[in-house]
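Worksheet for the structure shown next.
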Amino acid sequence: MPREIITLQVGQCGNQIGSEFWKQLCLEHGIAPDGMLKQQDDSSDAPIVGGGSSSSATATATAAGPASAQHNGGSTINPASNFVDDRKDVFFYQSDDEHYIPRALLIDLEPRVVNKITHHSTHRDLFNPENLFIAQDGGGAGNNWASGFRQGEEHHEQVIDMIDRESDNSDSLEGFVLTHSIAGGTGSGMGSYLLEALNDHFPKKLVQTYSVFPNWDHSQSDVVVQPYNSVLTMKRLTLNADAVVVLDNTALNRIAVD
């Protein structure tokens, strides 16, 4: 049984990281940008995810008996259909029209980045429109932790309802992944509020974050209150997250440029 994971992308940085994450995940699972499964090549030399070729996998499974399934690299190969069960249901769910839709919420207080992902990117048809949250005034948090936290509290009911809907759509929810930055306003402030809300609303579920930490060299920072935002967010990460993956902003930028 798959243990589903819901991804929360908060703020500009969180949504940019999340967008790249889903592109890579679709590539690994053989899902097209529109959410449909890519057609498998049935030729004898076509590789199957998990290792081996289609002919050798089928031959091995057939030799073991018609009711058997071959396990290879954590994937299950059905000998009858040559289908690879690579546990897509952990991060995706399948709609009635057979589209695979990410278990993801795109959350921001200003519309620019979310609109770019859902209107202009190659994967614009991948996400569920009901899982997009943009504040009505669209003014953002102005790189202010307190503003982001306050607006998170104001929009608590709407965001929690979206999370509850995704949770109810899961058979056995494992936990949540939060992508955000700790130095800005929405990712730090609203991200902090969501961490507290998740810990209160789902006390037995795991919460893992991918948190982008800023460059502490003041000469390279364009946010004056960056240290305050970071310290206030780190306290919430310490208290409410089960695991924090620290991503250095400078290193990410170097990877993107190179």
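Just so we're on the same page: first chain in the structure tokens is A, next is B, and so on; residues restart at 1 for each chain, and ligands are numbered from 1 in the order they show up.
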Rows by chain and residue number, segment 96-195 of chain A within 10 Å of segment 21-27 of chain A, shortest pair, only C-alpha atoms, as JSON lines:
{"residue": "A:Tyr100", "atom": "CA", "partner": "A:Cys26", "partner_atom": "CA", "distance": 9.4}
{"residue": "A:Pro102", "atom": "CA", "partner": "A:Trp22", "partner_atom": "CA", "distance": 7.8}
{"residue": "A:Ala104", "atom": "CA", "partner": "A:Trp22", "partner_atom": "CA", "distance": 9.4}
{"residue": "A:Thr122", "atom": "CA", "partner": "A:Lys23", "partner_atom": "CA", "distance": 8.9}
{"residue": "A:His123", "atom": "CA", "partner": "A:Lys23", "partner_atom": "CA", "distance": 7.4}
{"residue": "A:Leu126", "atom": "CA", "partner": "A:Trp22", "partner_atom": "CA", "distance": 9.1}
{"residue": "A:Phe127", "atom": "CA", "partner": "A:Trp22", "partner_atom": "CA", "distance": 9.8}
Among segment 73-199 of chain A, which residues does DSSP mark as helix (DSSP H, G or I) when it is run on the backbone? Keep the chain and numbering as in the structure and answer as a count of residues only. 51
Surrounding residues of segment 238-240 of chain A excluding itself and chain neighbours under 4 positions, 7 Å, only C-alpha atoms, as a list in words: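 Surrounding residues, per the criterion: Leu195, Glu196, Asn199 and Met234 of chain A.
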Looking only at strand (DSSP E) from DSSP on the backbone, list the matching residues of segment 216-254 of chain A as an mmCIF file with all heavy atoms, in the first residue's frame.
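And here is the file that came out, result_11.cif:
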data_model
loop_
_atom_site.group_PDB
_atom_site.id
_atom_site.type_symbol
_atom_site.label_atom_id
_atom_site.label_comp_id
_atom_site.auth_asym_id
_atom_site.auth_seq_id
_atom_site.Cartn_x
_atom_site.Cartn_y
_atom_site.Cartn_z
ATOM 1 N N ALA A 243 12.149 16.679 9.941
ATOM 2 C CA ALA A 243 13.422 16.673 9.223
ATOM 3 C C ALA A 243 13.515 17.934 8.390
ATOM 4 O O ALA A 243 12.543 18.343 7.758
ATOM 5 C CB ALA A 243 13.541 15.435 8.333
ATOM 6 N N VAL A 244 14.683 18.554 8.405
ATOM 7 C CA VAL A 244 14.907 19.778 7.631
ATOM 8 C C VAL A 244 16.107 19.553 6.715
ATOM 9 O O VAL A 244 17.204 19.253 7.181
ATOM 10 C CB VAL A 244 15.171 20.990 8.550
ATOM 11 C CG1 VAL A 244 15.483 22.229 7.711
ATOM 12 C CG2 VAL A 244 13.977 21.245 9.457
ATOM 13 N N VAL A 245 15.874 19.666 5.416
ATOM 14 C CA VAL A 245 16.964 19.604 4.439
ATOM 15 C C VAL A 245 17.383 21.044 4.138
ATOM 16 O O VAL A 245 16.598 21.828 3.609
ATOM 17 C CB VAL A 245 16.527 18.879 3.151
ATOM 18 C CG1 VAL A 245 17.665 18.880 2.137
ATOM 19 C CG2 VAL A 245 16.087 17.456 3.462
ATOM 20 N N VAL A 246 18.620 21.378 4.513
ATOM 21 C CA VAL A 246 19.113 22.741 4.345
ATOM 22 C C VAL A 246 19.697 22.898 2.940
ATOM 23 O O VAL A 246 20.604 22.162 2.542
ATOM 24 C CB VAL A 246 20.179 23.080 5.405
ATOM 25 C CG1 VAL A 246 20.759 24.470 5.158
ATOM 26 C CG2 VAL A 246 19.569 22.996 6.803
ATOM 27 N N LEU A 247 19.159 23.849 2.191
ATOM 28 C CA LEU A 247 19.648 24.146 0.846
ATOM 29 C C LEU A 247 20.281 25.533 0.857
ATOM 30 O O LEU A 247 19.646 26.501 1.281
ATOM 31 C CB LEU A 247 18.498 24.104 -0.167
ATOM 32 C CG LEU A 247 17.695 22.796 -0.227
ATOM 33 C CD1 LEU A 247 16.501 22.960 -1.147
ATOM 34 C CD2 LEU A 247 18.573 21.653 -0.699
ATOM 35 N N ASP A 248 21.524 25.619 0.432
ATOM 36 C CA ASP A 248 22.222 26.897 0.394
ATOM 37 C C ASP A 248 21.846 27.641 -0.881
ATOM 38 O O ASP A 248 22.003 27.117 -1.988
ATOM 39 C CB ASP A 248 23.730 26.671 0.457
ATOM 40 C CG ASP A 248 24.504 27.974 0.375
ATOM 41 O OD1 ASP A 248 24.271 28.848 1.222
ATOM 42 O OD2 ASP A 248 25.320 28.120 -0.554
#
Find the spatial neighbours of Glu130 of chain A, counting only C-alpha atoms, within a cut-off of 10 Å - ignore same-chain residues fewer than 6 positions away - and output them as a compact mmCIF listing (two decimals) with N, CA, C and O atoms, in the first residue's frame.
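Result file is out-v4.txt:
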# COMPACT_ATOMS: atom_id res chain seq x y z
N LEU A 105 0.12 21.51 -3.26
CA LEU A 105 -0.57 22.78 -3.09
C LEU A 105 0.42 23.89 -3.40
O LEU A 105 1.52 23.93 -2.83
N LEU A 106 0.04 24.76 -4.33
CA LEU A 106 0.88 25.90 -4.70
C LEU A 106 0.33 27.13 -3.98
O LEU A 106 -0.78 27.60 -4.28
N MET A 162 -8.02 23.06 1.91
CA MET A 162 -7.34 22.48 0.75
C MET A 162 -6.48 21.29 1.18
O MET A 162 -6.47 20.24 0.51
N ARG A 165 -8.72 18.34 2.01
CA ARG A 165 -9.24 17.69 0.81
C ARG A 165 -8.22 16.73 0.23
O ARG A 165 -8.56 15.61 -0.15
With only C-alpha atoms as the atoms that count, which of A:Arg103, A:Ser147, A:Asp34, A:Lys235 lies nearest to Asp168 of chain A?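 The answer is A:Arg103, which sits nearest to Asp168 of chain A.
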Neighbour list for Leu8 of chain A as a short mmCIF file (atom, residue, chain, number, x, y, z; two decimals) with N, CA and C atoms, in the first residue's frame, cut-off 10 Å, only C-alpha atoms, skip fewer than 4 positions in-chain:
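Result written to selection.cif:
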data_model
loop_
_atom_site.label_atom_id
_atom_site.label_comp_id
_atom_site.auth_asym_id
_atom_site.auth_seq_id
_atom_site.Cartn_x
_atom_site.Cartn_y
_atom_site.Cartn_z
N GLY A 14 9.76 28.64 -2.86
CA GLY A 14 9.19 27.31 -2.70
C GLY A 14 8.51 26.81 -3.95
N ASN A 15 7.81 27.70 -4.65
CA ASN A 15 7.13 27.30 -5.88
C ASN A 15 8.11 27.08 -7.03
N GLY A 18 9.60 23.73 -6.26
CA GLY A 18 8.57 22.72 -6.49
C GLY A 18 8.33 22.45 -7.95
N ARG A 103 0.04 15.54 -5.88
CA ARG A 103 -0.54 15.85 -4.57
C ARG A 103 0.20 17.09 -4.04
N ALA A 104 -0.06 18.22 -4.64
CA ALA A 104 0.69 19.43 -4.34
C ALA A 104 -0.23 20.62 -4.19
N LEU A 105 0.12 21.51 -3.26
CA LEU A 105 -0.57 22.78 -3.09
C LEU A 105 0.42 23.89 -3.40
N LEU A 106 0.04 24.76 -4.33
CA LEU A 106 0.88 25.90 -4.70
C LEU A 106 0.33 27.13 -3.98
N ILE A 107 1.10 27.63 -3.01
CA ILE A 107 0.62 28.68 -2.11
C ILE A 107 1.52 29.90 -2.22
N ASN A 131 -6.04 23.41 -6.25
CA ASN A 131 -4.96 23.38 -5.27
C ASN A 131 -4.04 24.59 -5.37
N ILE A 163 -5.78 21.43 2.30
CA ILE A 163 -4.95 20.32 2.80
C ILE A 163 -5.82 19.15 3.22
N PHE A 176 3.96 15.24 5.08
CA PHE A 176 3.99 16.43 4.24
C PHE A 176 5.43 16.82 3.92
N VAL A 177 5.61 17.41 2.75
CA VAL A 177 6.88 18.02 2.37
C VAL A 177 6.61 19.50 2.12
N LEU A 178 7.41 20.36 2.74
CA LEU A 178 7.26 21.81 2.58
C LEU A 178 8.51 22.36 1.92
N THR A 179 8.34 23.07 0.81
CA THR A 179 9.46 23.74 0.16
C THR A 179 9.28 25.25 0.33
N HIS A 180 10.33 25.92 0.79
CA HIS A 180 10.21 27.36 1.08
C HIS A 180 11.59 27.96 1.30
N GLY A 191 5.08 30.17 5.81
CA GLY A 191 5.62 28.81 5.99
C GLY A 191 5.69 28.43 7.45
N LEU A 194 2.16 27.65 8.66
CA LEU A 194 1.70 26.35 8.17
C LEU A 194 2.37 25.21 8.93
N THR A 209 10.93 19.40 5.56
CA THR A 209 11.03 20.65 4.81
C THR A 209 12.30 20.67 3.97
#
Hey, can you check how far atom CA of Glu154 of chain A sits from atom CA of Ile101 of chain A?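 Computing it gives 28.0 Å between the two atoms.
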For Leu109 of chain A, which of A:Asn229, A:Asn169, A:Gln9, A:Thr250 is the closest residue, counting only C-alpha atoms?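 Comparing A:Asn229, A:Asn169, A:Gln9, A:Thr250 against Leu109 of chain A, the winner is A:Gln9.
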Top pick for closest residue to Val90 of chain A, considering A:Glu20, A:Glu4, A:Asp200, A:Asp125 and counting only C-alpha atoms: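 Nearest to Val90 of chain A: A:Glu4.
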Nearest residue to Gly185 of chain A out of A:Asn115, A:Ser95, A:Ser172, A:Asn144, using only C-alpha atoms?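 Smallest separation from Gly185 of chain A among the options: A:Asn144.
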Using only C-alpha atoms, pick whichever of A:Arg124, A:His29, A:Lys205, A:Arg3 has the shortest atom-to-atom distance to Lys88 of chain A.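 Looking only at the distances to Lys88 of chain A, the closest residue turns out to be A:His29.
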When you count only C-alpha atoms, which of these residues is closest to Gln12 of chain A: A:Asp242, A:Gly148, A:Ser121, A:Asp108?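 Nearest candidate to Gln12 of chain A out of A:Asp242, A:Gly148, A:Ser121, A:Asp108: A:Asp108.
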Tell me, in Å to one decimal, how far atom CA of Met36 of chain A is from atom CA of Ile6 of chain A.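 If I compute the distance from atom CA of Met36 of chain A to atom CA of Ile6 of chain A, I get 20.0 Å.
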